[in-house]
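Visitor: One structure coming up, written as structure tokens, with questions to follow.
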Amino acid sequence: MVNTNLLTERKKLGITSDEAACRLGVHPNTYSNWEQGKATPTGDNLIKLVHLYGGTPEYLLGLTDQRDGRVIAST
């Protein structure tokens with residue numbers, strides 16, 4: 001889910017994955033791995049993503065589908 005949310009938010013900004021990587025100060029391959037679901041951003045990188053895209057860490061990590069961070073109870 002992380003990869004889908006990152007891709008969606010990046011496209012909303014109208015930037016390339018290389019531009020996103022540059023803004024975040026990470027290698028383009030690192031960012032690409034996040035969008036492809038091969039890796040998950042953590043720590044400082046997660047905070048940088050929140051600043052770039054908005055929303056909450058929970059949303060960007062796919063723990064909720066609510067951009068404002070409301071957690072949906074699992075059944």
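Order determines the names: the first chain of the structure tokens is A, the second B, and so forth; residues in each chain are numbered 1 upward, and ligands are numbered 1 upward as they are shown.
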As an NGL selection string, please: the residues near Met1 (chain A) (cut-off 12 Å, only C-alpha atoms, same-chain neighbours under 2 positions excluded).

Guide: :A and (3-8 or 34-40 or 58-65)

Visitor: Just to confirm, what's the straight-line distance from CA of Leu24 (chain A) to CA of Leu49 (chain A) in Å (one decimal)?

Guide: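 Separation between CA of Leu24 (chain A) and CA of Leu49 (chain A): 7.1 Å.
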
Visitor: Mind pulling up the distance from CA of Ser32 (chain A) to CA of Asp44 (chain A)?

Guide: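 For CA of Asp44 (chain A) relative to CA of Ser32 (chain A), the distance reads 17.2 Å.
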
Visitor: Compare A:Leu52, A:Ala21, A:Ile47, A:Arg67 by their minimum atom-to-atom distance to Asn33 (chain A), counting only C-alpha atoms, and give me the closest one.

Guide: A:Ala21

Visitor: Would you compute the distance between CA of Ser17 (chain A) and CA of Asn29 (chain A)? Give it in Å to one decimal.

Guide: 9.3 Å

Visitor: Quick one: residues within 9 Å of Gly25 (chain A), only C-alpha atoms counted, chain neighbours fewer than 5 positions away excluded, as a ChimeraX atom specification?

Guide: /A:20,45,48

Visitor: The selected residues should be written to file as a PDB file, in the first residue's frame (atoms: N, CA and C atoms).

Guide:
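out_3.pdb was written with the following content:
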ATOM      1  N   ALA A  20      11.181  13.793  -7.000  1.00  0.00           N
ATOM      2  CA  ALA A  20      10.808  13.477  -5.620  1.00  0.00           C
ATOM      3  C   ALA A  20      12.040  13.060  -4.830  1.00  0.00           C
ATOM      4  N   ASN A  45      13.262   9.618   6.693  1.00  0.00           N
ATOM      5  CA  ASN A  45      12.715   9.612   5.337  1.00  0.00           C
ATOM      6  C   ASN A  45      11.196   9.641   5.344  1.00  0.00           C
ATOM      7  N   LYS A  48      10.220  13.184   6.034  1.00  0.00           N
ATOM      8  CA  LYS A  48      10.420  13.992   4.829  1.00  0.00           C
ATOM      9  C   LYS A  48       9.277  13.780   3.839  1.00  0.00           C
TER      10      LYS A  48
END

Visitor: Just list the residues in chain A DSSP gives helix (DSSP H, G or I) on the backbone, as a VMD selection string.

Guide: chain A and resid 2 to 13 17 to 24 28 to 35 43 to 53 57 to 60
